[in-house]
Amino acid sequence: MRYNVGMEVVTYSGKTRIGRLAPSPTGALHLGNIRTFMVAWLQMRSCGGQVVLRIEDLDHPKHKAGADVALMEDLRWLGFDWDGEPTWQSQRLSYYHTALERLRPWLYPCFCSRADIQRAQSAPHPGEVLRYPGTCRGRAIGVVSPMNVGKAALRFALSEADRGCFCDGFAGEQCRVAADLTGDFVVARAGQAAYTLAVVVDDAEMGVTDIVRGDDILPATPAQVVLYQRLGYSLPHFVHVPLVTGKDGNRLAKRHGDTRIASYRAAGVSPQQILSALARSCGWLSNTETVSTLSELISRFTLATIPKAPFVWDDALL
Ligand code: GLU
C-alpha cells in the first residue's frame, strides 16, 4: 500500500524501508499491543515504507486456536493494513533449519531444566532475566542435524567479546556484553526454532529494515544482534518503546480489567476513541483533539513526543 503523504519516499541506500507487525497468537490483542503497533505502522507509512504482518506461531503452550484470525480482524477494525499476504512462522521452518546449520560451530546441546539454571544462578534478583551459567558447555552436537538432537535445547556459545551494540531510535545508544544479560541463549528446543533465532532469521529474510517493539525485549536484543552478525545479515534499525501499564505500574494484564480490543468493540467503544486515546498518550494529539482514522495520524507521527516513561492506562482516557 502506498500512502500519499506528500513527502519523498525515504529509503536506506535505495531500498524501501520495511517495518513489521509481529503478534504472537497467545490471545486477543490488547491496548498495549496496539500502541506499539501504531508506532510501527505510522513510522513506515509516514516515510512511504511498507509494513508486513508476521504471525509468530511457533509452538508455544499459550497459543490459542483462531487467535490469528481474531487479531487480524481487530487490526483491520482499527484501520491497520499490511503489504502482501500475512506470513506464519510455522510455514517458514526451512529458513530456521538453514540458519541452524550455519550456526553449528557455536551450538551445543543442553539438558538443563529451568530449575537447574535457577539453582546455579547466584543471587538472582526479582525480575532479572534468567542468565544461563554455561553448565553444558563443551558438549558436542555430533554429526546429526541441529534439528535432530532429540529433546535437548541448543544453546549459542557467547564469548565475552560478543557485544550487542546498536543505536536504538528511541532508547538511544546501547552496547552490552550479550553474555552478561542472557548467558548462552537457546536457539532451538526439541527440534523447534526458538524465538531469538526465528525473529532474527525472519526479519532479515523478509527484508525488514525497521523493528519497533516493546522495551521489555531490550535485554534480549544484544543476543539477537550477535546472531545478525554470525549469520552475515545487516542490522535493522531498532526502536524499543515503553510498555503500557496498569495504575499499579505493572505491565497491562487481566487483573487491570479487560483491555482487549475485541471487548471494547463488543462494548460499543469506537476505533476513533481507542486511536485518539493512544495517540494522545504518544503526544501526537492534544488532550482535546480526536482523529477518525489511523491514517489521519500519519502526518502527526514522530518518535520525539513519546514519553520515556511507561504509559499508565485508565479506561477514563477513552
Ligand atoms: N511475537 C513477539 C511478541 O508478541 C514479538 C517480538 C518482537 O517483536 O521481536 O512479543
# chains A, B, ... in the order shown; residues from 1 in each chain; ligands from 1

call {"tool": "residues_near_ligand", "arguments": {"ligand": "ligand 1", "cutoff": "6 Å", "atoms": "only C-alpha atoms and all ligand atoms", "output": "PDB file with N, CA and C atoms, in the first residue's frame"}}
result
ATOM      1  N   ALA A  22       4.432  -8.077  14.441  1.00  0.00           N
ATOM      2  CA  ALA A  22       4.776  -9.490  14.680  1.00  0.00           C
ATOM      3  C   ALA A  22       4.046 -10.038  15.908  1.00  0.00           C
ATOM      4  N   PRO A  23       2.728 -10.088  15.861  1.00  0.00           N
ATOM      5  CA  PRO A  23       1.993 -10.567  17.032  1.00  0.00           C
ATOM      6  C   PRO A  23       2.138 -12.076  17.250  1.00  0.00           C
ATOM      7  N   SER A  24       2.107 -12.478  18.516  1.00  0.00           N
ATOM      8  CA  SER A  24       2.040 -13.908  18.846  1.00  0.00           C
ATOM      9  C   SER A  24       0.571 -14.230  19.103  1.00  0.00           C
ATOM     10  N   GLU A  56       3.589 -14.887  14.832  1.00  0.00           N
ATOM     11  CA  GLU A  56       4.673 -15.658  15.468  1.00  0.00           C
ATOM     12  C   GLU A  56       4.076 -16.856  16.202  1.00  0.00           C
ATOM     13  N   VAL A 199      13.070 -14.902  15.094  1.00  0.00           N
ATOM     14  CA  VAL A 199      12.779 -13.488  14.864  1.00  0.00           C
ATOM     15  C   VAL A 199      13.891 -12.839  14.029  1.00  0.00           C
ATOM     16  N   ARG A 213       9.214  -2.374  18.700  1.00  0.00           N
ATOM     17  CA  ARG A 213       8.585  -3.311  19.641  1.00  0.00           C
ATOM     18  C   ARG A 213       8.715  -2.782  21.060  1.00  0.00           C
TER      19      ARG A 213
END

call {"tool": "closest_atom_pairs", "arguments": {"of": "segment 22-46 of chain A", "to": "segment 237-259 of chain A", "cutoff": "8 Å", "atoms": "only C-alpha atoms", "output": "Markdown table"}}
result
| residue | atom | partner | partner_atom | distance |
| --- | --- | --- | --- | --- |
| A:His30 | CA | A:Thr259 | CA | 5.3 |
| A:Leu31 | CA | A:Thr259 | CA | 5.9 |
| A:Gly32 | CA | A:Val244 | CA | 5.1 |
| A:Arg35 | CA | A:Val244 | CA | 7.9 |
| A:Thr36 | CA | A:Val241 | CA | 7.0 |

call {"tool": "write_last_selection", "arguments": {"atoms": "all heavy atoms", "output": "CSV table (one decimal), in the first residue's frame"}}
result
chain,number,residue,atom,x,y,z
A,30,HIS,N,-4.5,-6.5,22.9
A,30,HIS,CA,-5.0,-5.5,23.9
A,30,HIS,C,-4.4,-4.2,23.6
A,30,HIS,O,-3.5,-4.0,22.7
A,30,HIS,CB,-4.7,-6.0,25.3
A,30,HIS,CG,-3.3,-6.3,25.5
A,30,HIS,ND1,-2.3,-5.4,25.7
A,30,HIS,CD2,-2.6,-7.5,25.6
A,30,HIS,CE1,-1.1,-5.9,25.9
A,30,HIS,NE2,-1.3,-7.2,25.8
A,31,LEU,N,-4.7,-3.2,24.4
A,31,LEU,CA,-4.3,-1.8,24.1
A,31,LEU,C,-2.7,-1.7,24.1
A,31,LEU,O,-2.2,-0.9,23.3
A,31,LEU,CB,-4.8,-0.9,25.3
A,31,LEU,CG,-6.2,-0.6,25.2
A,31,LEU,CD1,-6.6,0.1,26.5
A,31,LEU,CD2,-6.4,0.3,24.0
A,32,GLY,N,-2.1,-2.5,24.9
A,32,GLY,CA,-0.6,-2.4,24.9
A,32,GLY,C,0.0,-2.8,23.6
A,32,GLY,O,0.9,-2.1,23.0
A,35,ARG,N,-0.7,0.0,20.9
A,35,ARG,CA,0.1,1.3,21.0
A,35,ARG,C,1.4,1.1,20.3
A,35,ARG,O,1.9,1.9,19.5
A,35,ARG,CB,0.3,1.7,22.5
A,35,ARG,CG,1.0,3.0,22.6
A,35,ARG,CD,1.0,3.4,24.1
A,35,ARG,NE,1.5,4.7,24.3
A,35,ARG,CZ,2.7,5.0,24.9
A,35,ARG,NH1,3.5,4.1,25.1
A,35,ARG,NH2,3.0,6.3,25.1
A,36,THR,N,2.0,-0.1,20.5
A,36,THR,CA,3.3,-0.4,19.9
A,36,THR,C,3.1,-0.5,18.4
A,36,THR,O,3.9,0.0,17.6
A,36,THR,CB,3.9,-1.7,20.5
A,36,THR,OG1,4.0,-1.5,21.9
A,36,THR,CG2,5.3,-1.9,19.9

call {"tool": "select_by_dssp", "arguments": {"residues": "segment 25-238 of chain A", "states": "strand (DSSP E)", "output": "short mmCIF file (atom, residue, chain, number, x, y, z; two decimals) with all heavy atoms, in the first residue's frame"}}
result
data_model
loop_
_atom_site.label_atom_id
_atom_site.label_comp_id
_atom_site.auth_asym_id
_atom_site.auth_seq_id
_atom_site.Cartn_x
_atom_site.Cartn_y
_atom_site.Cartn_z
N GLN A 50 6.95 0.14 3.74
CA GLN A 50 5.96 -0.95 3.75
C GLN A 50 5.84 -1.55 5.15
O GLN A 50 6.72 -1.37 5.98
CB GLN A 50 6.40 -2.04 2.78
CG GLN A 50 6.44 -1.55 1.36
CD GLN A 50 6.72 -2.68 0.38
OE1 GLN A 50 7.07 -3.79 0.76
NE2 GLN A 50 6.57 -2.38 -0.90
N VAL A 51 4.74 -2.26 5.34
CA VAL A 51 4.52 -2.94 6.63
C VAL A 51 4.13 -4.39 6.32
O VAL A 51 3.23 -4.62 5.52
CB VAL A 51 3.36 -2.28 7.41
CG1 VAL A 51 3.10 -3.02 8.72
CG2 VAL A 51 3.65 -0.82 7.69
N VAL A 52 4.83 -5.33 6.92
CA VAL A 52 4.44 -6.73 6.74
C VAL A 52 3.86 -7.26 8.06
O VAL A 52 4.19 -6.75 9.13
CB VAL A 52 5.62 -7.62 6.26
CG1 VAL A 52 6.05 -7.23 4.86
CG2 VAL A 52 6.81 -7.56 7.21
N LEU A 53 2.99 -8.25 7.92
CA LEU A 53 2.39 -8.87 9.11
C LEU A 53 2.90 -10.30 9.22
O LEU A 53 2.78 -11.09 8.28
CB LEU A 53 0.86 -8.88 8.98
CG LEU A 53 0.12 -9.63 10.10
CD1 LEU A 53 0.30 -8.95 11.45
CD2 LEU A 53 -1.37 -9.74 9.78
N ARG A 54 3.50 -10.61 10.37
CA ARG A 54 4.01 -11.96 10.59
C ARG A 54 3.43 -12.49 11.90
O ARG A 54 3.60 -11.89 12.96
CB ARG A 54 5.54 -11.93 10.67
CG ARG A 54 6.15 -13.32 10.83
CD ARG A 54 7.66 -13.29 10.86
NE ARG A 54 8.20 -12.65 12.01
CZ ARG A 54 9.03 -11.60 11.99
NH1 ARG A 54 9.42 -11.07 10.85
NH2 ARG A 54 9.49 -11.09 13.11
N ILE A 55 2.75 -13.61 11.79
CA ILE A 55 2.16 -14.22 12.98
C ILE A 55 3.22 -15.15 13.59
O ILE A 55 3.66 -16.10 12.92
CB ILE A 55 0.90 -15.04 12.62
CG1 ILE A 55 -0.04 -14.27 11.67
CG2 ILE A 55 0.19 -15.56 13.86
CD1 ILE A 55 -0.90 -13.23 12.29
N THR A 87 2.32 -13.66 6.91
CA THR A 87 3.08 -14.91 6.96
C THR A 87 2.96 -15.50 8.36
O THR A 87 2.73 -14.77 9.32
CB THR A 87 4.58 -14.69 6.65
OG1 THR A 87 5.05 -13.64 7.47
CG2 THR A 87 4.83 -14.35 5.21
N TRP A 88 3.12 -16.80 8.42
CA TRP A 88 3.08 -17.53 9.70
C TRP A 88 4.45 -18.16 9.89
O TRP A 88 4.97 -18.79 8.96
CB TRP A 88 2.01 -18.63 9.64
CG TRP A 88 0.62 -18.19 9.92
CD1 TRP A 88 -0.06 -18.34 11.10
CD2 TRP A 88 -0.29 -17.52 9.03
NE1 TRP A 88 -1.32 -17.80 10.99
CE2 TRP A 88 -1.50 -17.29 9.75
CE3 TRP A 88 -0.21 -17.07 7.71
CZ2 TRP A 88 -2.59 -16.64 9.18
CZ3 TRP A 88 -1.30 -16.42 7.15
CH2 TRP A 88 -2.47 -16.21 7.88
N LEU A 107 27.08 -23.91 18.46
CA LEU A 107 25.96 -24.51 19.19
C LEU A 107 26.37 -25.71 20.04
O LEU A 107 27.27 -26.46 19.67
CB LEU A 107 24.88 -24.96 18.19
CG LEU A 107 24.36 -23.88 17.24
CD1 LEU A 107 23.21 -24.44 16.39
CD2 LEU A 107 23.89 -22.64 18.00
N TYR A 108 25.69 -25.88 21.15
CA TYR A 108 25.89 -27.11 21.95
C TYR A 108 24.55 -27.51 22.56
O TYR A 108 23.70 -26.66 22.84
CB TYR A 108 26.99 -26.92 23.01
CG TYR A 108 26.71 -25.88 24.07
CD1 TYR A 108 26.03 -26.20 25.25
CD2 TYR A 108 27.15 -24.57 23.91
CE1 TYR A 108 25.81 -25.25 26.23
CE2 TYR A 108 26.93 -23.61 24.88
CZ TYR A 108 26.25 -23.96 26.04
OH TYR A 108 26.03 -23.02 27.00
N PRO A 109 24.38 -28.83 22.76
CA PRO A 109 23.11 -29.29 23.33
C PRO A 109 23.10 -29.08 24.85
O PRO A 109 24.14 -29.17 25.50
CB PRO A 109 23.08 -30.79 23.00
CG PRO A 109 24.48 -31.17 22.70
CD PRO A 109 25.27 -29.94 22.38
N CYS A 110 21.94 -28.81 25.37
CA CYS A 110 21.82 -28.53 26.79
C CYS A 110 20.59 -29.24 27.34
O CYS A 110 19.52 -29.18 26.74
CB CYS A 110 21.68 -27.01 26.96
SG CYS A 110 21.14 -26.53 28.59
N ALA A 153 17.84 -28.75 24.32
CA ALA A 153 17.83 -27.39 23.79
C ALA A 153 19.19 -27.18 23.15
O ALA A 153 20.18 -27.78 23.56
CB ALA A 153 17.63 -26.41 24.92
N LEU A 154 19.24 -26.36 22.13
CA LEU A 154 20.53 -25.97 21.56
C LEU A 154 20.83 -24.56 22.01
O LEU A 154 19.99 -23.67 21.85
CB LEU A 154 20.47 -26.01 20.03
CG LEU A 154 20.57 -27.36 19.36
CD1 LEU A 154 20.46 -27.20 17.85
CD2 LEU A 154 21.90 -28.03 19.73
N ARG A 155 22.01 -24.39 22.59
CA ARG A 155 22.39 -23.05 23.05
C ARG A 155 23.53 -22.51 22.20
O ARG A 155 24.35 -23.26 21.67
CB ARG A 155 22.83 -23.08 24.52
CG ARG A 155 21.66 -23.31 25.45
CD ARG A 155 22.04 -23.14 26.90
NE ARG A 155 20.89 -23.40 27.75
CZ ARG A 155 20.05 -22.46 28.20
NH1 ARG A 155 20.25 -21.20 27.91
NH2 ARG A 155 19.02 -22.80 28.96
N PHE A 156 23.56 -21.19 22.11
CA PHE A 156 24.58 -20.50 21.35
C PHE A 156 25.68 -20.08 22.33
O PHE A 156 25.41 -19.37 23.32
CB PHE A 156 23.96 -19.26 20.69
CG PHE A 156 24.92 -18.50 19.82
CD1 PHE A 156 24.92 -18.68 18.44
CD2 PHE A 156 25.80 -17.59 20.38
CE1 PHE A 156 25.81 -17.98 17.65
CE2 PHE A 156 26.69 -16.88 19.58
CZ PHE A 156 26.70 -17.07 18.22
N ARG A 163 29.45 -8.36 21.83
CA ARG A 163 28.68 -7.21 22.32
C ARG A 163 27.54 -6.95 21.36
O ARG A 163 27.71 -7.03 20.16
CB ARG A 163 29.56 -5.95 22.33
CG ARG A 163 30.49 -5.95 23.48
CD ARG A 163 31.46 -4.80 23.42
NE ARG A 163 32.40 -4.96 24.50
CZ ARG A 163 32.15 -4.52 25.73
NH1 ARG A 163 31.08 -3.87 26.02
NH2 ARG A 163 33.03 -4.73 26.70
N GLY A 164 26.40 -6.65 21.91
CA GLY A 164 25.26 -6.31 21.05
C GLY A 164 25.14 -4.80 21.03
O GLY A 164 24.44 -4.24 21.86
N CYS A 165 25.86 -4.14 20.13
CA CYS A 165 25.84 -2.67 20.08
C CYS A 165 24.93 -2.20 18.95
O CYS A 165 25.01 -2.69 17.83
CB CYS A 165 27.24 -2.14 19.85
SG CYS A 165 28.37 -2.60 21.16
N PHE A 166 24.07 -1.28 19.27
CA PHE A 166 23.19 -0.69 18.25
C PHE A 166 22.67 0.64 18.78
O PHE A 166 22.69 0.89 19.99
CB PHE A 166 22.02 -1.63 17.91
CG PHE A 166 21.16 -2.01 19.09
CD1 PHE A 166 19.95 -1.36 19.31
CD2 PHE A 166 21.56 -3.00 19.97
CE1 PHE A 166 19.15 -1.69 20.40
CE2 PHE A 166 20.77 -3.34 21.07
CZ PHE A 166 19.57 -2.69 21.29
N CYS A 167 22.23 1.47 17.85
CA CYS A 167 21.67 2.75 18.27
C CYS A 167 20.16 2.65 18.17
O CYS A 167 19.62 2.56 17.07
CB CYS A 167 22.22 3.86 17.39
SG CYS A 167 21.56 5.43 17.94
N ASP A 168 19.50 2.61 19.29
CA ASP A 168 18.04 2.47 19.29
C ASP A 168 17.41 3.83 19.00
O ASP A 168 17.79 4.84 19.59
CB ASP A 168 17.60 1.95 20.66
CG ASP A 168 16.15 1.54 20.66
OD1 ASP A 168 15.27 2.42 20.78
OD2 ASP A 168 15.88 0.33 20.52
N GLY A 172 18.09 5.04 22.51
CA GLY A 172 19.44 5.59 22.38
C GLY A 172 20.51 4.52 22.23
O GLY A 172 20.22 3.34 21.99
N GLU A 173 21.75 4.94 22.38
CA GLU A 173 22.92 4.08 22.18
C GLU A 173 22.90 2.90 23.15
O GLU A 173 22.74 3.11 24.36
CB GLU A 173 24.14 4.96 22.46
CG GLU A 173 25.37 4.79 21.61
CD GLU A 173 25.16 4.78 20.12
OE1 GLU A 173 24.80 5.82 19.54
OE2 GLU A 173 25.37 3.70 19.56
N GLN A 174 23.05 1.69 22.66
CA GLN A 174 23.05 0.50 23.51
C GLN A 174 24.31 -0.30 23.21
O GLN A 174 24.63 -0.49 22.04
CB GLN A 174 21.85 -0.41 23.21
CG GLN A 174 20.51 0.27 23.18
CD GLN A 174 20.01 0.61 24.57
OE1 GLN A 174 20.13 -0.17 25.49
NE2 GLN A 174 19.46 1.82 24.71
N CYS A 175 24.98 -0.76 24.22
CA CYS A 175 26.14 -1.63 23.96
C CYS A 175 26.36 -2.48 25.20
O CYS A 175 26.85 -2.00 26.21
CB CYS A 175 27.37 -0.78 23.66
SG CYS A 175 28.58 -1.70 22.70
N ARG A 176 25.94 -3.72 25.13
CA ARG A 176 26.06 -4.59 26.30
C ARG A 176 26.75 -5.89 25.89
O ARG A 176 26.59 -6.35 24.75
CB ARG A 176 24.66 -4.94 26.85
CG ARG A 176 23.84 -3.76 27.34
CD ARG A 176 24.32 -3.24 28.68
NE ARG A 176 24.31 -4.23 29.75
CZ ARG A 176 23.27 -4.47 30.54
NH1 ARG A 176 22.14 -3.80 30.38
NH2 ARG A 176 23.34 -5.38 31.50
N VAL A 177 27.47 -6.46 26.81
CA VAL A 177 28.04 -7.80 26.57
C VAL A 177 26.86 -8.77 26.65
O VAL A 177 26.21 -8.87 27.70
CB VAL A 177 29.10 -8.13 27.65
CG1 VAL A 177 29.60 -9.56 27.49
CG2 VAL A 177 30.25 -7.14 27.58
N PHE A 185 22.33 -18.41 24.98
CA PHE A 185 20.87 -18.44 24.84
C PHE A 185 20.40 -19.59 23.95
O PHE A 185 21.17 -20.16 23.17
CB PHE A 185 20.37 -17.09 24.30
CG PHE A 185 20.99 -16.69 22.98
CD1 PHE A 185 20.40 -17.03 21.78
CD2 PHE A 185 22.19 -15.98 22.97
CE1 PHE A 185 20.99 -16.68 20.58
CE2 PHE A 185 22.78 -15.62 21.76
CZ PHE A 185 22.18 -15.98 20.57
N VAL A 186 19.14 -19.93 24.10
CA VAL A 186 18.56 -21.07 23.38
C VAL A 186 18.17 -20.63 21.96
O VAL A 186 17.50 -19.61 21.78
CB VAL A 186 17.30 -21.59 24.12
CG1 VAL A 186 16.58 -22.66 23.31
CG2 VAL A 186 17.69 -22.14 25.49
N VAL A 187 18.61 -21.39 20.96
CA VAL A 187 18.20 -21.10 19.58
C VAL A 187 17.19 -22.14 19.07
O VAL A 187 16.50 -21.90 18.09
CB VAL A 187 19.40 -21.01 18.61
CG1 VAL A 187 20.21 -19.75 18.85
CG2 VAL A 187 20.28 -22.24 18.70
N ALA A 188 17.15 -23.30 19.71
CA ALA A 188 16.16 -24.31 19.32
C ALA A 188 15.93 -25.22 20.51
O ALA A 188 16.79 -25.34 21.39
CB ALA A 188 16.67 -25.14 18.14
N ARG A 189 14.75 -25.79 20.52
CA ARG A 189 14.41 -26.69 21.63
C ARG A 189 13.61 -27.83 21.04
O ARG A 189 12.65 -27.59 20.31
CB ARG A 189 13.56 -25.92 22.64
CG ARG A 189 13.47 -26.56 24.02
CD ARG A 189 12.56 -25.78 24.92
NE ARG A 189 13.12 -24.50 25.37
CZ ARG A 189 14.04 -24.37 26.33
NH1 ARG A 189 14.50 -25.44 26.95
NH2 ARG A 189 14.49 -23.19 26.68
N GLN A 192 12.77 -27.55 17.45
CA GLN A 192 11.93 -26.42 17.02
C GLN A 192 12.69 -25.11 17.26
O GLN A 192 13.25 -24.92 18.34
CB GLN A 192 10.67 -26.45 17.89
CG GLN A 192 9.85 -25.21 17.86
CD GLN A 192 8.58 -25.42 17.04
OE1 GLN A 192 8.51 -24.96 15.91
NE2 GLN A 192 7.62 -26.08 17.61
N ALA A 193 12.72 -24.24 16.25
CA ALA A 193 13.44 -22.97 16.41
C ALA A 193 12.86 -22.17 17.57
O ALA A 193 11.64 -22.15 17.77
CB ALA A 193 13.33 -22.15 15.13
N ASP A 210 13.23 -2.00 9.69
CA ASP A 210 12.85 -1.23 10.88
C ASP A 210 12.04 -2.09 11.84
O ASP A 210 10.96 -2.57 11.48
CB ASP A 210 12.02 -0.01 10.49
CG ASP A 210 12.87 1.01 9.75
OD1 ASP A 210 13.04 0.86 8.52
OD2 ASP A 210 13.36 1.93 10.43
N ILE A 211 12.55 -2.28 13.05
CA ILE A 211 11.86 -3.09 14.05
C ILE A 211 11.39 -2.19 15.18
O ILE A 211 12.21 -1.53 15.82
CB ILE A 211 12.80 -4.18 14.60
CG1 ILE A 211 13.13 -5.18 13.48
CG2 ILE A 211 12.19 -4.88 15.81
CD1 ILE A 211 14.09 -6.27 13.87
N VAL A 212 10.08 -2.13 15.37
CA VAL A 212 9.53 -1.38 16.50
C VAL A 212 8.86 -2.38 17.42
O VAL A 212 8.04 -3.19 16.97
CB VAL A 212 8.47 -0.35 16.03
CG1 VAL A 212 7.84 0.36 17.23
CG2 VAL A 212 9.09 0.68 15.09
N ARG A 213 9.21 -2.37 18.70
CA ARG A 213 8.59 -3.31 19.64
C ARG A 213 8.72 -2.78 21.06
O ARG A 213 9.34 -1.74 21.29
CB ARG A 213 9.22 -4.70 19.50
CG ARG A 213 10.70 -4.70 19.72
CD ARG A 213 11.30 -6.04 19.30
NE ARG A 213 12.73 -6.04 19.49
CZ ARG A 213 13.53 -6.98 19.02
NH1 ARG A 213 13.05 -8.00 18.35
NH2 ARG A 213 14.83 -6.93 19.24
N GLY A 214 8.15 -3.51 22.00
CA GLY A 214 8.14 -3.06 23.39
C GLY A 214 9.54 -3.12 24.00
O GLY A 214 10.36 -3.98 23.62
N HIS A 237 17.16 -1.19 11.91
CA HIS A 237 17.07 -0.08 12.87
C HIS A 237 16.06 -0.50 13.93
O HIS A 237 14.95 -0.89 13.60
CB HIS A 237 16.60 1.18 12.16
CG HIS A 237 17.63 1.68 11.20
ND1 HIS A 237 18.34 2.83 11.40
CD2 HIS A 237 18.10 1.15 10.05
CE1 HIS A 237 19.21 2.98 10.41
NE2 HIS A 237 19.07 1.98 9.58
N PHE A 238 16.47 -0.40 15.18
CA PHE A 238 15.60 -0.80 16.28
C PHE A 238 14.97 0.41 16.95
O PHE A 238 15.63 1.44 17.13
CB PHE A 238 16.39 -1.56 17.36
CG PHE A 238 16.86 -2.92 16.94
CD1 PHE A 238 18.19 -3.13 16.58
CD2 PHE A 238 15.99 -4.00 16.94
CE1 PHE A 238 18.64 -4.40 16.22
CE2 PHE A 238 16.42 -5.27 16.57
CZ PHE A 238 17.75 -5.47 16.21
#

call {"tool": "closest_residue", "arguments": {"among": "A:Ile217, A:Ala65, A:Ala157, A:Leu303", "to": "Arg230 of chain A", "atoms": "only C-alpha atoms"}}
result
A:Ala157

call {"tool": "atom_distance", "arguments": {"atom1": "atom CA of Glu73 of chain A", "atom2": "atom CA of Ile261 of chain A"}}
result
10.0 Å

call {"tool": "select_by_dssp", "arguments": {"residues": "segment 137-246 of chain A", "states": "alpha helix (DSSP H)", "output": "list of chain:residue names"}}
result
A:Ala178, A:Ala179, A:Asp180, A:Leu181, A:Tyr195, A:Thr196, A:Leu197, A:Ala198, A:Val199, A:Val200, A:Val201, A:Asp202, A:Asp203, A:Ala204, A:Glu205, A:Thr221, A:Pro222, A:Ala223, A:Gln224, A:Val225, A:Val226, A:Leu227, A:Tyr228, A:Gln229, A:Arg230

call {"tool": "residues_around", "arguments": {"residues": "Ile117 of chain A", "least_positions_apart": "6", "cutoff": "9 Å", "atoms": "only C-alpha atoms", "output": "PyMOL selection string"}}
result
chain A and resi 130-133+135

call {"tool": "atom_distance", "arguments": {"atom1": "atom CA of Ser276 of chain A", "atom2": "atom CA of Ser46 of chain A"}}
result
17.6 Å

call {"tool": "closest_atom_pairs", "arguments": {"of": "segment 128-217 of chain A", "to": "segment 11-17 of chain A", "cutoff": "9 Å", "atoms": "only C-alpha atoms", "output": "tab-separated table"}}
result
residue	atom	partner	partner_atom	distance
A:Gly207	CA	A:Arg17	CA	8.5
A:Val208	CA	A:Arg17	CA	7.3
A:Thr209	CA	A:Arg17	CA	5.6
A:Asp210	CA	A:Arg17	CA	6.9

call {"tool": "closest_residue", "arguments": {"among": "A:Gln43, A:Thr302, A:Gln272, A:Asn287", "to": "Trp77 of chain A", "atoms": "only C-alpha atoms"}}
result
A:Gln272

call {"tool": "closest_residue", "arguments": {"among": "A:Val39, A:Ala161, A:Cys47, A:Met206", "to": "Pro222 of chain A", "atoms": "only C-alpha atoms"}}
result
A:Ala161

call {"tool": "closest_residue", "arguments": {"among": "A:Leu278, A:Val312, A:Ala171, A:Ala194", "to": "Thr290 of chain A", "atoms": "only C-alpha atoms"}}
result
A:Leu278

call {"tool": "residues_around", "arguments": {"residues": "Pro146 of chain A", "least_positions_apart": "2", "cutoff": "8 Å", "atoms": "only C-alpha atoms", "output": "list of chain:residue names"}}
result
A:His97, A:Leu100, A:Glu101, A:Arg104, A:Ile141, A:Val144, A:Asn148, A:Val149, A:Leu154, A:Gly191

call {"tool": "write_last_selection", "arguments": {"atoms": "N, CA and C atoms", "output": "mmCIF file, in the first residue's frame"}}
result
data_model
loop_
_atom_site.group_PDB
_atom_site.id
_atom_site.type_symbol
_atom_site.label_atom_id
_atom_site.label_comp_id
_atom_site.auth_asym_id
_atom_site.auth_seq_id
_atom_site.Cartn_x
_atom_site.Cartn_y
_atom_site.Cartn_z
ATOM 1 N N HIS A 97 16.058 -23.984 9.769
ATOM 2 C CA HIS A 97 16.955 -25.142 9.673
ATOM 3 C C HIS A 97 18.261 -24.726 9.002
ATOM 4 N N LEU A 100 20.354 -22.705 11.394
ATOM 5 C CA LEU A 100 20.971 -23.527 12.445
ATOM 6 C C LEU A 100 22.210 -24.250 11.924
ATOM 7 N N GLU A 101 22.146 -24.706 10.678
ATOM 8 C CA GLU A 101 23.330 -25.360 10.089
ATOM 9 C C GLU A 101 24.486 -24.376 10.037
ATOM 10 N N ARG A 104 26.111 -23.860 13.408
ATOM 11 C CA ARG A 104 26.567 -25.087 14.068
ATOM 12 C C ARG A 104 27.856 -24.921 14.892
ATOM 13 N N ILE A 141 27.351 -31.415 19.457
ATOM 14 C CA ILE A 141 26.129 -31.848 18.764
ATOM 15 C C ILE A 141 26.379 -33.174 18.063
ATOM 16 N N VAL A 144 24.842 -35.194 13.801
ATOM 17 C CA VAL A 144 23.429 -35.072 13.428
ATOM 18 C C VAL A 144 23.081 -33.626 13.067
ATOM 19 N N ASN A 148 17.928 -32.340 14.891
ATOM 20 C CA ASN A 148 17.679 -33.724 15.315
ATOM 21 C C ASN A 148 18.446 -34.098 16.566
ATOM 22 N N VAL A 149 18.529 -33.197 17.511
ATOM 23 C CA VAL A 149 19.279 -33.524 18.724
ATOM 24 C C VAL A 149 18.337 -34.004 19.834
ATOM 25 N N LEU A 154 19.239 -26.355 22.129
ATOM 26 C CA LEU A 154 20.527 -25.973 21.561
ATOM 27 C C LEU A 154 20.830 -24.563 22.014
ATOM 28 N N GLY A 191 14.050 -29.679 18.574
ATOM 29 C CA GLY A 191 13.913 -29.647 17.127
ATOM 30 C C GLY A 191 13.097 -28.489 16.589
#

call {"tool": "closest_residue", "arguments": {"among": "A:Phe80, A:Phe111, A:Tyr95, A:Phe170", "to": "Leu275 of chain A", "atoms": "only C-alpha atoms"}}
result
A:Phe80

call {"tool": "closest_residue", "arguments": {"among": "A:Leu181, A:Ala99, A:Ala279, A:Ala223", "to": "Thr305 of chain A", "atoms": "only C-alpha atoms"}}
result
A:Ala279

call {"tool": "atom_distance", "arguments": {"atom1": "atom CA of Ala316 of chain A", "atom2": "atom CA of Met72 of chain A"}}
result
26.3 Å
